[in-house]
Amino acid sequence: MARATTARIHMDALRHNLARIRSAAPDSKVMAVVKADGYGHGLERVAQALAGADAFGVAAISDAQRLRAVGFSQGIVLLSGFDEAADLAQLRELSVVTVVHHPFQLAMLAEDSGSPISVWLKMDSGMHRLGFPPEQFPEAYRRLKAMPNVDDDIVCMSHFASSDEPGNPQTVSQLACFDAFLPADASVCSLANSAAVLAWPASHRQWLRAGGALYGLSVASGRTGSDFGLKPAMTLSTRLISTQQVRAGERVGYAGTYVCPEDMRIGVAAIGYGDGYPRNIRPGTPALLNGQRVPIIGRVSMDLMTVDLRSQPQAAVGDELILWGGGLPVEEIAEAAGTISYELTCSITRRVRFRED
Ligand SMILES: *Cc1c(COP(=O)(O)O)cnc(C)c1O
């Protein structure tokens with residue numbers, strides 16, 4: 001029998017979440033960010049569900065290649081920009097728009113003489129990751145405008161560091177910085193990631209760049225996607241492949257970290273860190289067995305984990321165990337693992353079966 005470990009991708013949830021984003025900012029265009037294999041949900045299937053977006057955002061040219069190979073003709077923006085002159089030929093061949101964030105890219109474009117390519121020019125408004133310093137931004141904009149091999153319709157963009165925290169002054173100051181250094185003739189802008197779409201209307205502008213929210217992932221700590229009217233796009237599940245009766249005082253799993261407090265039944269499920277489930281979860285982190293919460297006990301191992309069956313005497317080999325998804329928010333598991341939901345969905349490994357529903 002095939003291993004039961006499955007990531008079900010809910011195509012309707014993806015479409016619902018896109019509609020939710022659109023309703024939050026009806027006058028803006030939406031870039032669906034599908035980097036990192038669609039946040040781990042599978043690039044091509046995510047793009048299919050989100051084909052109504054106005055453009056796709058990727059971090060690697062190879063992802064743009066994959067989208068074009070299966071026939072998507074929407075605009076694609078390469079969010080981390082090109083690295084070397086040879087990339088420019090690929091951008092042209094694939095009709096991919098590139099972010100320009102550094103003077104070395106201006107120099108490469110100045111040396112290049114091909115047909116016009118479209119660019120999004122990025123300002124570092126305070127996150128200090130990619131982008132031109134604000135005071136160098138207008139000059140970079142003017143230089144690009146003057147290049148015959150660059151399209152005239154330059155989009156000006158920046159990225160927020162803390163938009164997931166409502167009221168955080170860093171977002172206010174990044175907005176003010178962006179507006180202060182924006183060239184007067186720049187009319188198309190993009191600032192908002194998912195959190196800013198939902199919490200910072202002043203940032204909406206002409207183009208949104210939504211990622212996590214499209215997958216139903218929370219955009220604020222301590223809250224789940226459904227708090228924002230979003231639906232989870234992934235349910236990760238497996239089945240019990242064994243049950244055991246274990247005596248009081250016996251230890252379960254590697255290093256014997258769990259000691260049975262009484263004679264008890266435990267279940268063994270076919271999922272572990274080799275599937276992308278985090279190994280470092282807090283003791284007692286829940287999973288859903290037959291729709292009810294059961295605690296995961298002992299260490300998560302590579303292929304297996306064990307659960308406490310005391311609340312489910314009827315549980316049997318073959319029963320379905322849901323690790324996250326509908327009924328058990330991935331945010332709760334992420335919190336128990338000391339990380340964010342984005343990292344968990346991105347970490348699903350290749351041996352997990354993906355299925356659309
Ligand atoms: C990943 C990314 C986004 C999307 O961010 P979310 O928080 O997932 O909405 C937007 N813009 C850029 C530049 C990104 O790299």
# chains A, B, ... in the order shown; residues from 1 in each chain; ligands from 1

$ residues_near_ligand --ligand "ligand 1" --cutoff "6 Å" --atoms "only C-alpha atoms and all ligand atoms" --output "PyMOL selection string"
chain A and resi 33+79+159+193-194+209-212

$ select_by_dssp --residues "stretch 294-328 of chain A" --states "strand (DSSP E)" --output "PyMOL selection string"
chain A and resi 294-297+305-308+320-324

$ write_last_selection --atoms "all heavy atoms" --output "compact mmCIF listing (two decimals), in the first residue's frame"
# COMPACT_ATOMS: atom_id res chain seq x y z
N VAL A 294 -5.88 14.76 19.69
CA VAL A 294 -5.10 13.86 20.54
C VAL A 294 -3.70 14.44 20.65
O VAL A 294 -3.20 15.06 19.70
CB VAL A 294 -5.02 12.43 19.96
CG1 VAL A 294 -6.38 11.74 20.02
CG2 VAL A 294 -4.49 12.43 18.54
N PRO A 295 -3.04 14.29 21.82
CA PRO A 295 -1.68 14.81 21.94
C PRO A 295 -0.65 13.90 21.26
O PRO A 295 -0.74 12.68 21.35
CB PRO A 295 -1.42 14.84 23.46
CG PRO A 295 -2.66 14.33 24.11
CD PRO A 295 -3.54 13.72 23.08
N ILE A 296 0.30 14.53 20.58
CA ILE A 296 1.46 13.80 20.06
C ILE A 296 2.38 13.57 21.27
O ILE A 296 2.60 14.48 22.07
CB ILE A 296 2.17 14.62 18.97
CG1 ILE A 296 1.23 14.81 17.78
CG2 ILE A 296 3.48 13.96 18.55
CD1 ILE A 296 1.67 15.87 16.78
N ILE A 297 2.87 12.33 21.43
CA ILE A 297 3.72 12.03 22.59
C ILE A 297 5.08 11.53 22.12
O ILE A 297 5.20 10.95 21.04
CB ILE A 297 3.05 10.98 23.53
CG1 ILE A 297 2.74 9.69 22.76
CG2 ILE A 297 1.79 11.56 24.17
CD1 ILE A 297 2.21 8.58 23.66
N MET A 305 5.43 9.09 14.11
CA MET A 305 5.19 9.77 15.38
C MET A 305 4.18 8.94 16.16
O MET A 305 3.50 8.08 15.60
CB MET A 305 4.69 11.20 15.18
CG MET A 305 3.32 11.28 14.52
SD MET A 305 2.58 12.93 14.64
CE MET A 305 3.70 13.94 13.71
N THR A 306 4.09 9.20 17.46
CA THR A 306 3.15 8.46 18.30
C THR A 306 2.17 9.42 18.95
O THR A 306 2.51 10.57 19.25
CB THR A 306 3.90 7.68 19.40
OG1 THR A 306 4.91 8.52 19.95
CG2 THR A 306 4.56 6.43 18.84
N VAL A 307 0.93 8.93 19.12
CA VAL A 307 -0.11 9.76 19.73
C VAL A 307 -0.76 9.00 20.89
O VAL A 307 -0.77 7.76 20.92
CB VAL A 307 -1.19 10.18 18.70
CG1 VAL A 307 -0.59 11.10 17.64
CG2 VAL A 307 -1.87 8.99 18.07
N ASP A 308 -1.29 9.75 21.80
CA ASP A 308 -1.98 9.23 23.00
C ASP A 308 -3.42 8.86 22.59
O ASP A 308 -4.17 9.74 22.16
CB ASP A 308 -1.96 10.36 24.04
CG ASP A 308 -2.64 9.98 25.35
OD1 ASP A 308 -3.40 8.98 25.37
OD2 ASP A 308 -2.42 10.70 26.33
N GLU A 320 -7.61 8.04 10.11
CA GLU A 320 -6.93 9.23 9.59
C GLU A 320 -6.50 10.17 10.70
O GLU A 320 -7.26 10.45 11.64
CB GLU A 320 -7.85 9.99 8.62
CG GLU A 320 -7.12 11.15 7.96
CD GLU A 320 -8.02 12.04 7.10
OE1 GLU A 320 -9.06 12.54 7.61
OE2 GLU A 320 -7.68 12.23 5.92
N LEU A 321 -5.26 10.64 10.58
CA LEU A 321 -4.73 11.64 11.52
C LEU A 321 -4.39 12.89 10.72
O LEU A 321 -3.63 12.83 9.74
CB LEU A 321 -3.46 11.08 12.18
CG LEU A 321 -2.85 11.92 13.32
CD1 LEU A 321 -3.69 11.76 14.59
CD2 LEU A 321 -1.41 11.50 13.60
N ILE A 322 -4.99 14.02 11.12
CA ILE A 322 -4.70 15.30 10.44
C ILE A 322 -3.70 16.07 11.28
O ILE A 322 -3.89 16.26 12.49
CB ILE A 322 -6.01 16.09 10.23
CG1 ILE A 322 -6.86 15.39 9.16
CG2 ILE A 322 -5.71 17.53 9.81
CD1 ILE A 322 -8.21 16.04 8.89
N LEU A 323 -2.61 16.50 10.63
CA LEU A 323 -1.55 17.21 11.35
C LEU A 323 -1.78 18.71 11.37
O LEU A 323 -1.44 19.39 12.33
CB LEU A 323 -0.20 16.89 10.72
CG LEU A 323 0.34 15.49 10.96
CD1 LEU A 323 0.28 15.14 12.43
CD2 LEU A 323 -0.37 14.44 10.14
N TRP A 324 -2.31 19.22 10.26
CA TRP A 324 -2.82 20.60 10.22
C TRP A 324 -3.75 20.76 9.03
O TRP A 324 -3.73 19.95 8.12
CB TRP A 324 -1.70 21.64 10.22
CG TRP A 324 -0.78 21.67 9.02
CD1 TRP A 324 -1.09 22.02 7.74
CD2 TRP A 324 0.62 21.39 9.03
NE1 TRP A 324 0.03 21.96 6.95
CE2 TRP A 324 1.10 21.58 7.71
CE3 TRP A 324 1.54 21.02 10.02
CZ2 TRP A 324 2.43 21.40 7.35
CZ3 TRP A 324 2.86 20.83 9.66
CH2 TRP A 324 3.31 21.02 8.34

$ atom_distance --atom1 "atom CA of A:Gly253" --atom2 "atom CA of A:Arg279"
12.6 Å

$ atom_distance --atom1 "atom CA of A:Val58" --atom2 "atom CA of A:Ser80"
8.1 Å

$ residues_around --residues "stretch 349-355 of chain A" --least-positions-apart "6" --cutoff "8 Å" --atoms "only C-alpha atoms" --output "mmCIF file with C-alpha atoms, in the first residue's frame"
data_model
loop_
_atom_site.group_PDB
_atom_site.id
_atom_site.type_symbol
_atom_site.label_atom_id
_atom_site.label_comp_id
_atom_site.auth_asym_id
_atom_site.auth_seq_id
_atom_site.Cartn_x
_atom_site.Cartn_y
_atom_site.Cartn_z
ATOM 1 C CA ALA A 4 -0.733 7.468 3.347
ATOM 2 C CA THR A 5 0.983 10.761 4.074
ATOM 3 C CA THR A 6 -0.885 13.303 1.964
ATOM 4 C CA ALA A 7 -1.070 17.059 1.505
ATOM 5 C CA ARG A 8 -4.509 17.896 0.155
ATOM 6 C CA ILE A 9 -4.553 21.255 -1.601
ATOM 7 C CA GLY A 274 11.260 13.261 6.842
ATOM 8 C CA ASP A 275 7.890 14.459 5.561
ATOM 9 C CA GLY A 276 8.425 17.980 6.815
#

$ select_by_dssp --residues "stretch 114-306 of chain A" --states "alpha helix (DSSP H)" --output "PyMOL selection string"
chain A and resi 137-146+169-181+194-199

$ atom_distance --atom1 "atom CA of A:Pro183" --atom2 "atom CA of A:Arg142"
8.7 Å

$ closest_residue --among "A:Gly326, A:Pro278, A:Gly256, A:Gly57" --to "A:Gly38" --atoms "only C-alpha atoms"
A:Gly57

$ closest_residue --among "A:Cys346, A:Met264, A:Leu328, A:Ala315" --to "A:Thr285" --atoms "only C-alpha atoms"
A:Leu328

$ residues_around --residues "stretch 167-182 of chain A" --least-positions-apart "4" --cutoff "12 Å" --atoms "only C-alpha atoms" --output "ChimeraX atom specification"
/A:121-128,131-142,154-163,186-193,195-196,199-205,220

$ residues_around --residues "A:Ser23" --least-positions-apart "5" --cutoff "12 Å" --atoms "only C-alpha atoms" --output "JSON, numbers by chain"
{"A": [16, 17, 18, 28, 29, 30, 197, 198, 201, 204, 229]}

$ write_last_selection --atoms "C-alpha atoms" --output "mmCIF file, in the first residue's frame"
data_model
loop_
_atom_site.group_PDB
_atom_site.id
_atom_site.type_symbol
_atom_site.label_atom_id
_atom_site.label_comp_id
_atom_site.auth_asym_id
_atom_site.auth_seq_id
_atom_site.Cartn_x
_atom_site.Cartn_y
_atom_site.Cartn_z
ATOM 1 C CA HIS A 16 -11.753 32.145 -2.001
ATOM 2 C CA ASN A 17 -8.634 33.738 -0.526
ATOM 3 C CA LEU A 18 -7.884 35.572 -3.777
ATOM 4 C CA SER A 28 -5.681 47.469 -6.870
ATOM 5 C CA LYS A 29 -4.239 44.781 -9.094
ATOM 6 C CA VAL A 30 -3.145 41.586 -7.396
ATOM 7 C CA VAL A 197 -3.399 44.379 2.332
ATOM 8 C CA LEU A 198 -5.481 43.418 5.354
ATOM 9 C CA PRO A 201 -5.072 50.375 3.565
ATOM 10 C CA HIS A 204 -2.607 49.523 -1.168
ATOM 11 C CA GLY A 229 -11.793 35.401 6.640
#

$ residues_around --residues "stretch 331-339 of chain A" --least-positions-apart "3" --cutoff "9 Å" --atoms "only C-alpha atoms" --output "VMD selection string"
chain A and resid 217 to 218 221 to 225 278 to 283 285 to 287 323 to 324 328 342 to 344

$ write_last_selection --atoms "N, CA, C and O atoms" --output "PDB file, in the first residue's frame"
ATOM      1  N   LEU A 217      -2.896  31.505   5.212  1.00  0.00           N
ATOM      2  CA  LEU A 217      -1.992  31.587   6.360  1.00  0.00           C
ATOM      3  C   LEU A 217      -2.175  32.919   7.074  1.00  0.00           C
ATOM      4  O   LEU A 217      -2.418  33.948   6.442  1.00  0.00           O
ATOM      5  N   SER A 218      -2.038  32.872   8.376  1.00  0.00           N
ATOM      6  CA  SER A 218      -2.244  34.074   9.173  1.00  0.00           C
ATOM      7  C   SER A 218      -1.205  35.128   8.848  1.00  0.00           C
ATOM      8  O   SER A 218      -0.062  34.825   8.528  1.00  0.00           O
ATOM      9  N   SER A 221       0.673  37.678  14.318  1.00  0.00           N
ATOM     10  CA  SER A 221       0.997  36.673  15.320  1.00  0.00           C
ATOM     11  C   SER A 221      -0.147  36.552  16.321  1.00  0.00           C
ATOM     12  O   SER A 221      -0.843  37.524  16.620  1.00  0.00           O
ATOM     13  N   GLY A 222      -0.364  35.327  16.778  1.00  0.00           N
ATOM     14  CA  GLY A 222      -1.421  35.073  17.733  1.00  0.00           C
ATOM     15  C   GLY A 222      -2.792  34.932  17.090  1.00  0.00           C
ATOM     16  O   GLY A 222      -3.784  34.743  17.787  1.00  0.00           O
ATOM     17  N   ARG A 223      -2.873  35.027  15.765  1.00  0.00           N
ATOM     18  CA  ARG A 223      -4.155  34.880  15.091  1.00  0.00           C
ATOM     19  C   ARG A 223      -4.029  33.833  14.000  1.00  0.00           C
ATOM     20  O   ARG A 223      -2.921  33.523  13.561  1.00  0.00           O
ATOM     21  N   THR A 224      -5.169  33.290  13.581  1.00  0.00           N
ATOM     22  CA  THR A 224      -5.132  32.300  12.508  1.00  0.00           C
ATOM     23  C   THR A 224      -5.695  32.921  11.244  1.00  0.00           C
ATOM     24  O   THR A 224      -6.339  33.978  11.285  1.00  0.00           O
ATOM     25  N   GLY A 225      -5.480  32.250  10.127  1.00  0.00           N
ATOM     26  CA  GLY A 225      -5.978  32.759   8.852  1.00  0.00           C
ATOM     27  C   GLY A 225      -7.478  32.988   8.883  1.00  0.00           C
ATOM     28  O   GLY A 225      -7.979  33.966   8.336  1.00  0.00           O
ATOM     29  N   PRO A 278       7.555  19.288  11.808  1.00  0.00           N
ATOM     30  CA  PRO A 278       8.686  19.751  12.627  1.00  0.00           C
ATOM     31  C   PRO A 278       9.003  18.793  13.788  1.00  0.00           C
ATOM     32  O   PRO A 278       8.104  18.296  14.445  1.00  0.00           O
ATOM     33  N   ARG A 279      10.294  18.548  14.003  1.00  0.00           N
ATOM     34  CA  ARG A 279      10.718  17.613  15.045  1.00  0.00           C
ATOM     35  C   ARG A 279      10.653  18.257  16.430  1.00  0.00           C
ATOM     36  O   ARG A 279      10.446  17.566  17.429  1.00  0.00           O
ATOM     37  N   ASN A 280      10.818  19.583  16.443  1.00  0.00           N
ATOM     38  CA  ASN A 280      10.994  20.256  17.738  1.00  0.00           C
ATOM     39  C   ASN A 280       9.697  20.832  18.300  1.00  0.00           C
ATOM     40  O   ASN A 280       9.673  21.935  18.824  1.00  0.00           O
ATOM     41  N   ILE A 281       8.612  20.097  18.202  1.00  0.00           N
ATOM     42  CA  ILE A 281       7.350  20.601  18.751  1.00  0.00           C
ATOM     43  C   ILE A 281       7.341  20.491  20.275  1.00  0.00           C
ATOM     44  O   ILE A 281       8.002  19.646  20.860  1.00  0.00           O
ATOM     45  N   ARG A 282       6.551  21.350  20.867  1.00  0.00           N
ATOM     46  CA  ARG A 282       6.345  21.334  22.313  1.00  0.00           C
ATOM     47  C   ARG A 282       5.602  20.044  22.690  1.00  0.00           C
ATOM     48  O   ARG A 282       4.733  19.585  21.941  1.00  0.00           O
ATOM     49  N   PRO A 283       5.926  19.432  23.855  1.00  0.00           N
ATOM     50  CA  PRO A 283       5.212  18.224  24.263  1.00  0.00           C
ATOM     51  C   PRO A 283       3.702  18.471  24.333  1.00  0.00           C
ATOM     52  O   PRO A 283       3.266  19.535  24.786  1.00  0.00           O
ATOM     53  N   THR A 285       1.654  18.733  21.765  1.00  0.00           N
ATOM     54  CA  THR A 285       1.105  19.362  20.560  1.00  0.00           C
ATOM     55  C   THR A 285       0.027  18.452  19.957  1.00  0.00           C
ATOM     56  O   THR A 285       0.219  17.246  19.855  1.00  0.00           O
ATOM     57  N   PRO A 286      -1.115  19.020  19.567  1.00  0.00           N
ATOM     58  CA  PRO A 286      -2.212  18.165  19.103  1.00  0.00           C
ATOM     59  C   PRO A 286      -2.141  17.758  17.636  1.00  0.00           C
ATOM     60  O   PRO A 286      -1.524  18.428  16.818  1.00  0.00           O
ATOM     61  N   ALA A 287      -2.810  16.651  17.343  1.00  0.00           N
ATOM     62  CA  ALA A 287      -3.178  16.273  15.976  1.00  0.00           C
ATOM     63  C   ALA A 287      -4.656  15.905  16.050  1.00  0.00           C
ATOM     64  O   ALA A 287      -5.210  15.759  17.148  1.00  0.00           O
ATOM     65  N   LEU A 323      -2.615  16.500  10.626  1.00  0.00           N
ATOM     66  CA  LEU A 323      -1.553  17.208  11.349  1.00  0.00           C
ATOM     67  C   LEU A 323      -1.784  18.711  11.366  1.00  0.00           C
ATOM     68  O   LEU A 323      -1.441  19.387  12.333  1.00  0.00           O
ATOM     69  N   TRP A 324      -2.312  19.219  10.259  1.00  0.00           N
ATOM     70  CA  TRP A 324      -2.818  20.596  10.221  1.00  0.00           C
ATOM     71  C   TRP A 324      -3.746  20.763   9.029  1.00  0.00           C
ATOM     72  O   TRP A 324      -3.734  19.946   8.118  1.00  0.00           O
ATOM     73  N   LEU A 328      -7.676  22.271  12.515  1.00  0.00           N
ATOM     74  CA  LEU A 328      -6.443  22.398  13.309  1.00  0.00           C
ATOM     75  C   LEU A 328      -5.513  23.369  12.581  1.00  0.00           C
ATOM     76  O   LEU A 328      -4.778  22.979  11.666  1.00  0.00           O
ATOM     77  N   TYR A 342       4.297  29.831   7.512  1.00  0.00           N
ATOM     78  CA  TYR A 342       4.932  29.833   6.191  1.00  0.00           C
ATOM     79  C   TYR A 342       6.036  28.766   6.129  1.00  0.00           C
ATOM     80  O   TYR A 342       6.202  28.080   5.138  1.00  0.00           O
ATOM     81  N   GLU A 343       6.822  28.675   7.191  1.00  0.00           N
ATOM     82  CA  GLU A 343       7.950  27.738   7.169  1.00  0.00           C
ATOM     83  C   GLU A 343       7.438  26.295   7.126  1.00  0.00           C
ATOM     84  O   GLU A 343       8.030  25.441   6.461  1.00  0.00           O
ATOM     85  N   LEU A 344       6.354  26.020   7.823  1.00  0.00           N
ATOM     86  CA  LEU A 344       5.835  24.648   7.832  1.00  0.00           C
ATOM     87  C   LEU A 344       5.327  24.226   6.453  1.00  0.00           C
ATOM     88  O   LEU A 344       5.655  23.145   5.972  1.00  0.00           O
TER      89      LEU A 344
END

$ closest_residue --among "A:Ser62, A:Ser113, A:Ser341, A:Gln244" --to "A:Ala213" --atoms "only C-alpha atoms"
A:Ser341
